[in-house]
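Asks: Below are the structure tokens for one structure; questions will follow.
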Amino acid sequence: MAFTYFFRDMYTLRLIEQHVIPELKSRRYLSVWDAGCATGAEPYSLAIIFRENMGEFLFRNLQIHATDINPSFGAIISRGLYREEEVRRIPRALLDKYFVPAEEPDHYMIAEPLKQAVSFQHHDLTSLQPIREGLCLILCKNVLLHLTREQVVAVLKMFHSVLDEGGFFVTEQTQKMPPESTPWFHRVVGDGQVFQRV
Ligand SMILES: C[S@@+](CC[C@H](N)C(=O)[O-])C[C@H]1O[C@@H](n2cnc3c(N)ncnc32)[C@H](O)[C@@H]1O
């Protein structure tokens, strides 16, 4: 099972809240790609942050395309049932708002509007096949470290090609951006891994 949990990286979620959502939220359609989403904690955490900052009406315009090389994660994501230890980092008010205690002991079920905002697709990043075009945000965290340097450059080039003008790319704090990607992305915040398509 891939290592992940809800609100794993609060620092980066806050950067998305401060620098990404304000620029995107008035767009007619928001198409987001979470590449290497594991069992869904990350795309659902992202959905919560968008919902908190967009309101109910605009949130309907958001679709998060969650992909992973492991096809078995799709069933987990569409069911939306998570163990207590996976959700314990979620601030209490958000847990109460977006989850209901499930019939299974020590489990929580994610709320329906969030489920509708997240869809899963089996996808191998090293295929270099984009899942779609016209994306406004690509989140790819704790995945590129599994690839070779050449694969990372090729994947970043592919991400650049499918982001809309002004679209964002977000990765984890420890991921080094190769020099080849300098013409494709500029860093939005000095102390964070939020980049905007050039
Ligand atoms: C450590 S988990 C990270 C999950 C989530 N992004 C996070 O940061 O919490 C790494 C995920 O990358 C996926 N993965 C590894 N290689 C991949 C590839 N070539 N294409 C797509 N997903 C891949 C794994 O299956 C796993 O779910």
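Going by the structure tokens order, chains are called A, B, ..., each with residues numbered from 1, while ligands are numbered from 1 in the order shown.
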Set the distance at 8 Å and use only C-alpha atoms: which residues neighbour Tyr44 in chain A once local chain neighbours fewer than 3 positions away are removed? I'd like the list as a PyMOL selection string.

Replies: chain A and resi 6+40-41+47-48+114-115+118

Asks: Output as an MDAnalysis selection string all residues of range 1-121 of chain A that backbone DSSP marks as strand (DSSP E or B).

Replies: chainID A and resid 30:35 62:68 81:83 99:101 107:110 118:121

Asks: Would you pick out the contacts of Arg149 in chain A at 9 Å or less, using only C-alpha atoms, so that residues sharing its chain but fewer than 5 positions from it are not included, and give the list as a PyMOL selection string?

Replies: chain A and resi 144+154+178

Asks: I need the chosen residues saved as an mmCIF file, in the first residue's frame, with C-alpha atoms.

Replies:
data_model
loop_
_atom_site.group_PDB
_atom_site.id
_atom_site.type_symbol
_atom_site.label_atom_id
_atom_site.label_comp_id
_atom_site.auth_asym_id
_atom_site.auth_seq_id
_atom_site.Cartn_x
_atom_site.Cartn_y
_atom_site.Cartn_z
ATOM 1 C CA LEU A 144 9.130 11.773 -9.301
ATOM 2 C CA ALA A 154 10.458 14.120 -19.911
ATOM 3 C CA PRO A 178 16.254 19.963 -13.238
#

Asks: Which residues are near ligand 1 in this structure, taking near to mean any atom at most 9 Å from a ligand atom and counting only C-alpha atoms and all ligand atoms? Format them as a PDB file with N, CA and C atoms, in the first residue's frame.

Replies:
ATOM      1  N   MET A   1       0.854  -1.208   0.000  1.00  0.00           N
ATOM      2  CA  MET A   1       0.000   0.000   0.000  1.00  0.00           C
ATOM      3  C   MET A   1       0.887   1.254   0.000  1.00  0.00           C
ATOM      4  N   ALA A   2       0.580   2.242  -0.847  1.00  0.00           N
ATOM      5  CA  ALA A   2       1.406   3.450  -0.944  1.00  0.00           C
ATOM      6  C   ALA A   2       1.256   4.296   0.320  1.00  0.00           C
ATOM      7  N   PHE A   3       2.359   4.920   0.705  1.00  0.00           N
ATOM      8  CA  PHE A   3       2.330   5.748   1.905  1.00  0.00           C
ATOM      9  C   PHE A   3       1.698   7.099   1.594  1.00  0.00           C
ATOM     10  N   THR A   4       0.623   7.407   2.304  1.00  0.00           N
ATOM     11  CA  THR A   4      -0.051   8.692   2.141  1.00  0.00           C
ATOM     12  C   THR A   4      -1.046   8.853   3.273  1.00  0.00           C
ATOM     13  N   TYR A   5      -1.449  10.084   3.543  1.00  0.00           N
ATOM     14  CA  TYR A   5      -2.542  10.318   4.492  1.00  0.00           C
ATOM     15  C   TYR A   5      -3.098  11.718   4.258  1.00  0.00           C
ATOM     16  N   PHE A   6      -4.265  11.983   4.788  1.00  0.00           N
ATOM     17  CA  PHE A   6      -4.923  13.270   4.571  1.00  0.00           C
ATOM     18  C   PHE A   6      -4.125  14.415   5.204  1.00  0.00           C
ATOM     19  N   PHE A   7      -4.052  15.535   4.492  1.00  0.00           N
ATOM     20  CA  PHE A   7      -3.342  16.721   4.967  1.00  0.00           C
ATOM     21  C   PHE A   7      -1.887  16.387   5.343  1.00  0.00           C
ATOM     22  N   ARG A   8      -1.298  15.516   4.517  1.00  0.00           N
ATOM     23  CA  ARG A   8       0.089  15.087   4.752  1.00  0.00           C
ATOM     24  C   ARG A   8       1.043  16.281   4.745  1.00  0.00           C
ATOM     25  N   ASP A   9       0.788  17.239   3.841  1.00  0.00           N
ATOM     26  CA  ASP A   9       1.705  18.363   3.667  1.00  0.00           C
ATOM     27  C   ASP A   9       0.915  19.669   3.771  1.00  0.00           C
ATOM     28  N   ASP A  34      -3.940  15.172 -10.377  1.00  0.00           N
ATOM     29  CA  ASP A  34      -3.126  14.701  -9.251  1.00  0.00           C
ATOM     30  C   ASP A  34      -2.463  13.412  -9.707  1.00  0.00           C
ATOM     31  N   ALA A  35      -1.172  13.515 -10.101  1.00  0.00           N
ATOM     32  CA  ALA A  35      -0.450  12.378 -10.683  1.00  0.00           C
ATOM     33  C   ALA A  35       0.292  11.612  -9.585  1.00  0.00           C
ATOM     34  N   GLY A  36      -0.041  10.332  -9.423  1.00  0.00           N
ATOM     35  CA  GLY A  36       0.535   9.540  -8.344  1.00  0.00           C
ATOM     36  C   GLY A  36      -0.230   9.799  -7.055  1.00  0.00           C
ATOM     37  N   CYS A  37      -1.549   9.612  -7.158  1.00  0.00           N
ATOM     38  CA  CYS A  37      -2.467  10.033  -6.080  1.00  0.00           C
ATOM     39  C   CYS A  37      -2.585   9.012  -4.957  1.00  0.00           C
ATOM     40  N   ALA A  38      -2.021   7.803  -5.150  1.00  0.00           N
ATOM     41  CA  ALA A  38      -2.152   6.712  -4.174  1.00  0.00           C
ATOM     42  C   ALA A  38      -3.632   6.446  -3.862  1.00  0.00           C
ATOM     43  N   THR A  39      -3.973   6.260  -2.606  1.00  0.00           N
ATOM     44  CA  THR A  39      -5.330   5.800  -2.260  1.00  0.00           C
ATOM     45  C   THR A  39      -6.354   6.937  -2.124  1.00  0.00           C
ATOM     46  N   GLY A  40      -5.937   8.170  -2.429  1.00  0.00           N
ATOM     47  CA  GLY A  40      -6.936   9.244  -2.510  1.00  0.00           C
ATOM     48  C   GLY A  40      -6.854  10.316  -1.440  1.00  0.00           C
ATOM     49  N   ALA A  41      -6.020  10.109  -0.422  1.00  0.00           N
ATOM     50  CA  ALA A  41      -5.940  11.124   0.633  1.00  0.00           C
ATOM     51  C   ALA A  41      -5.516  12.475   0.057  1.00  0.00           C
ATOM     52  N   GLU A  42      -4.591  12.443  -0.891  1.00  0.00           N
ATOM     53  CA  GLU A  42      -4.094  13.709  -1.456  1.00  0.00           C
ATOM     54  C   GLU A  42      -5.142  14.417  -2.327  1.00  0.00           C
ATOM     55  N   PRO A  43      -5.748  13.742  -3.328  1.00  0.00           N
ATOM     56  CA  PRO A  43      -6.754  14.473  -4.113  1.00  0.00           C
ATOM     57  C   PRO A  43      -7.953  14.926  -3.275  1.00  0.00           C
ATOM     58  N   THR A  67      -4.657  10.091 -10.756  1.00  0.00           N
ATOM     59  CA  THR A  67      -4.129   8.935 -11.488  1.00  0.00           C
ATOM     60  C   THR A  67      -3.031   8.267 -10.676  1.00  0.00           C
ATOM     61  N   ASP A  68      -2.865   6.971 -10.939  1.00  0.00           N
ATOM     62  CA  ASP A  68      -1.778   6.237 -10.285  1.00  0.00           C
ATOM     63  C   ASP A  68      -1.456   5.009 -11.130  1.00  0.00           C
ATOM     64  N   ILE A  69      -0.223   4.544 -10.992  1.00  0.00           N
ATOM     65  CA  ILE A  69       0.204   3.344 -11.722  1.00  0.00           C
ATOM     66  C   ILE A  69      -0.463   2.095 -11.139  1.00  0.00           C
ATOM     67  N   ASN A  70      -0.926   2.195  -9.918  1.00  0.00           N
ATOM     68  CA  ASN A  70      -1.594   1.051  -9.284  1.00  0.00           C
ATOM     69  C   ASN A  70      -3.115   1.154  -9.508  1.00  0.00           C
ATOM     70  N   PRO A  71      -3.666   0.280 -10.358  1.00  0.00           N
ATOM     71  CA  PRO A  71      -5.081   0.424 -10.708  1.00  0.00           C
ATOM     72  C   PRO A  71      -6.033   0.113  -9.553  1.00  0.00           C
ATOM     73  N   PHE A  73      -6.207   1.341  -6.726  1.00  0.00           N
ATOM     74  CA  PHE A  73      -6.584   2.495  -5.901  1.00  0.00           C
ATOM     75  C   PHE A  73      -7.917   3.107  -6.319  1.00  0.00           C
ATOM     76  N   HIS A 122      -6.318   4.877 -14.194  1.00  0.00           N
ATOM     77  CA  HIS A 122      -5.034   4.182 -14.139  1.00  0.00           C
ATOM     78  C   HIS A 122      -4.080   4.828 -15.142  1.00  0.00           C
ATOM     79  N   HIS A 123      -2.870   5.193 -14.700  1.00  0.00           N
ATOM     80  CA  HIS A 123      -1.947   5.885 -15.606  1.00  0.00           C
ATOM     81  C   HIS A 123      -0.508   5.745 -15.119  1.00  0.00           C
ATOM     82  N   ASP A 124       0.380   5.415 -16.057  1.00  0.00           N
ATOM     83  CA  ASP A 124       1.810   5.327 -15.757  1.00  0.00           C
ATOM     84  C   ASP A 124       2.489   6.588 -16.300  1.00  0.00           C
ATOM     85  N   LEU A 125       3.060   7.377 -15.419  1.00  0.00           N
ATOM     86  CA  LEU A 125       3.698   8.630 -15.846  1.00  0.00           C
ATOM     87  C   LEU A 125       4.803   8.399 -16.866  1.00  0.00           C
ATOM     88  N   THR A 126       5.493   7.263 -16.755  1.00  0.00           N
ATOM     89  CA  THR A 126       6.630   7.034 -17.659  1.00  0.00           C
ATOM     90  C   THR A 126       6.170   6.744 -19.092  1.00  0.00           C
ATOM     91  N   SER A 127       4.876   6.564 -19.295  1.00  0.00           N
ATOM     92  CA  SER A 127       4.356   6.418 -20.664  1.00  0.00           C
ATOM     93  C   SER A 127       4.461   7.755 -21.410  1.00  0.00           C
ATOM     94  N   LEU A 139      -0.583  18.454  -9.678  1.00  0.00           N
ATOM     95  CA  LEU A 139       0.054  18.157  -8.393  1.00  0.00           C
ATOM     96  C   LEU A 139       0.733  16.802  -8.553  1.00  0.00           C
ATOM     97  N   CYS A 140       2.017  16.753  -8.287  1.00  0.00           N
ATOM     98  CA  CYS A 140       2.736  15.480  -8.413  1.00  0.00           C
ATOM     99  C   CYS A 140       3.748  15.435  -7.279  1.00  0.00           C
ATOM    100  N   LYS A 141       3.366  14.739  -6.191  1.00  0.00           N
ATOM    101  CA  LYS A 141       4.180  14.776  -4.977  1.00  0.00           C
ATOM    102  C   LYS A 141       4.619  13.380  -4.564  1.00  0.00           C
ATOM    103  N   ASN A 142       5.903  13.288  -4.230  1.00  0.00           N
ATOM    104  CA  ASN A 142       6.492  12.041  -3.737  1.00  0.00           C
ATOM    105  C   ASN A 142       6.370  10.909  -4.762  1.00  0.00           C
ATOM    106  N   VAL A 143       6.466  11.273  -6.025  1.00  0.00           N
ATOM    107  CA  VAL A 143       6.365  10.310  -7.128  1.00  0.00           C
ATOM    108  C   VAL A 143       7.605  10.384  -8.017  1.00  0.00           C
ATOM    109  N   LEU A 144       8.024  11.612  -8.358  1.00  0.00           N
ATOM    110  CA  LEU A 144       9.130  11.773  -9.301  1.00  0.00           C
ATOM    111  C   LEU A 144      10.421  11.171  -8.749  1.00  0.00           C
ATOM    112  N   LEU A 145      10.517  11.049  -7.440  1.00  0.00           N
ATOM    113  CA  LEU A 145      11.724  10.460  -6.839  1.00  0.00           C
ATOM    114  C   LEU A 145      11.890   8.995  -7.238  1.00  0.00           C
ATOM    115  N   HIS A 146      10.814   8.378  -7.743  1.00  0.00           N
ATOM    116  CA  HIS A 146      10.896   6.977  -8.180  1.00  0.00           C
ATOM    117  C   HIS A 146      11.411   6.861  -9.619  1.00  0.00           C
ATOM    118  N   LEU A 147      11.552   8.005 -10.317  1.00  0.00           N
ATOM    119  CA  LEU A 147      11.909   7.969 -11.731  1.00  0.00           C
ATOM    120  C   LEU A 147      13.381   8.338 -11.937  1.00  0.00           C
ATOM    121  N   THR A 171       4.951  20.423  -6.494  1.00  0.00           N
ATOM    122  CA  THR A 171       5.593  19.166  -6.096  1.00  0.00           C
ATOM    123  C   THR A 171       6.069  19.279  -4.639  1.00  0.00           C
ATOM    124  N   GLU A 172       6.731  18.227  -4.140  1.00  0.00           N
ATOM    125  CA  GLU A 172       7.110  18.241  -2.719  1.00  0.00           C
ATOM    126  C   GLU A 172       8.377  19.076  -2.490  1.00  0.00           C
TER     127      GLU A 172
END

Asks: Figure out the distance between CA of Glu112 in chain A and CA of Leu13 in chain A, please, to one decimal in Å.

Replies: 21.5 Å

Asks: What residues in range 10-67 of chain A get the DSSP label helix (DSSP H, G or I)? Please answer as a ChimeraX atom specification.

Replies: /A:10-24,41-59

Asks: Can you work out which one of A:Phe169, A:Ser119, A:Phe185, A:Leu30 has the shortest atom-to-atom distance to Ala75 in chain A, counting only C-alpha atoms?

Replies: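 Checking each of A:Phe169, A:Ser119, A:Phe185, A:Leu30 against Ala75 in chain A, counting only C-alpha atoms, the winner is A:Ser119.
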
Asks: For Arg187 in chain A, which residue among A:Gln175, A:His107, A:Met54, A:Phe168 is the nearest when counting only C-alpha atoms?

Replies: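 Result for the nearest residue to Arg187 in chain A: A:Phe168.
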
Asks: Could you name the residues that touch Val153 in chain A at 10 Å or less, counting only C-alpha atoms, but leaving out those on the same chain fewer than 5 positions away, as a list in words?

Replies: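 In the requested format, the answer is Leu144, Leu147, Thr148, Met158, Phe159, Met177, Pro178, Pro179, Glu180 and Ser181 of chain A.
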
Asks: Considering only C-alpha atoms, return as JSON, numbers by chain whatever protein or nucleic-acid residues lie within 8 Å of Asp106 in chain A, sequence-local ones (same chain, fewer than 5 positions apart) excluded.

Replies: {"A": [83, 84, 101]}

Asks: Those residues with N, CA and C atoms, as a PDB file, in the first residue's frame please?

Replies:
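Output (again_2.pdb):
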ATOM      1  N   ARG A  83      -9.633   4.833   7.084  1.00  0.00           N
ATOM      2  CA  ARG A  83      -9.413   4.489   8.491  1.00  0.00           C
ATOM      3  C   ARG A  83      -9.125   5.749   9.306  1.00  0.00           C
ATOM      4  N   GLU A  84      -9.444   5.663  10.588  1.00  0.00           N
ATOM      5  CA  GLU A  84      -9.267   6.789  11.508  1.00  0.00           C
ATOM      6  C   GLU A  84      -7.837   7.336  11.458  1.00  0.00           C
ATOM      7  N   PRO A 101     -18.969   9.528  10.193  1.00  0.00           N
ATOM      8  CA  PRO A 101     -18.492   8.260  10.741  1.00  0.00           C
ATOM      9  C   PRO A 101     -19.162   7.108   9.979  1.00  0.00           C
TER      10      PRO A 101
END

Asks: Do you have the CA of Phe50 in chain A-CA of Ile138 in chain A distance handy?

Replies: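 Separation between CA of Phe50 in chain A and CA of Ile138 in chain A: 13.9 Å.
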
Asks: Let me make sure I understand: among A:Phe195, A:Trp184, A:Glu23, A:Leu81, which one has the smallest atom-to-atom distance to Leu156 in chain A if we use only C-alpha atoms?

Replies: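 Closest candidate: A:Trp184.
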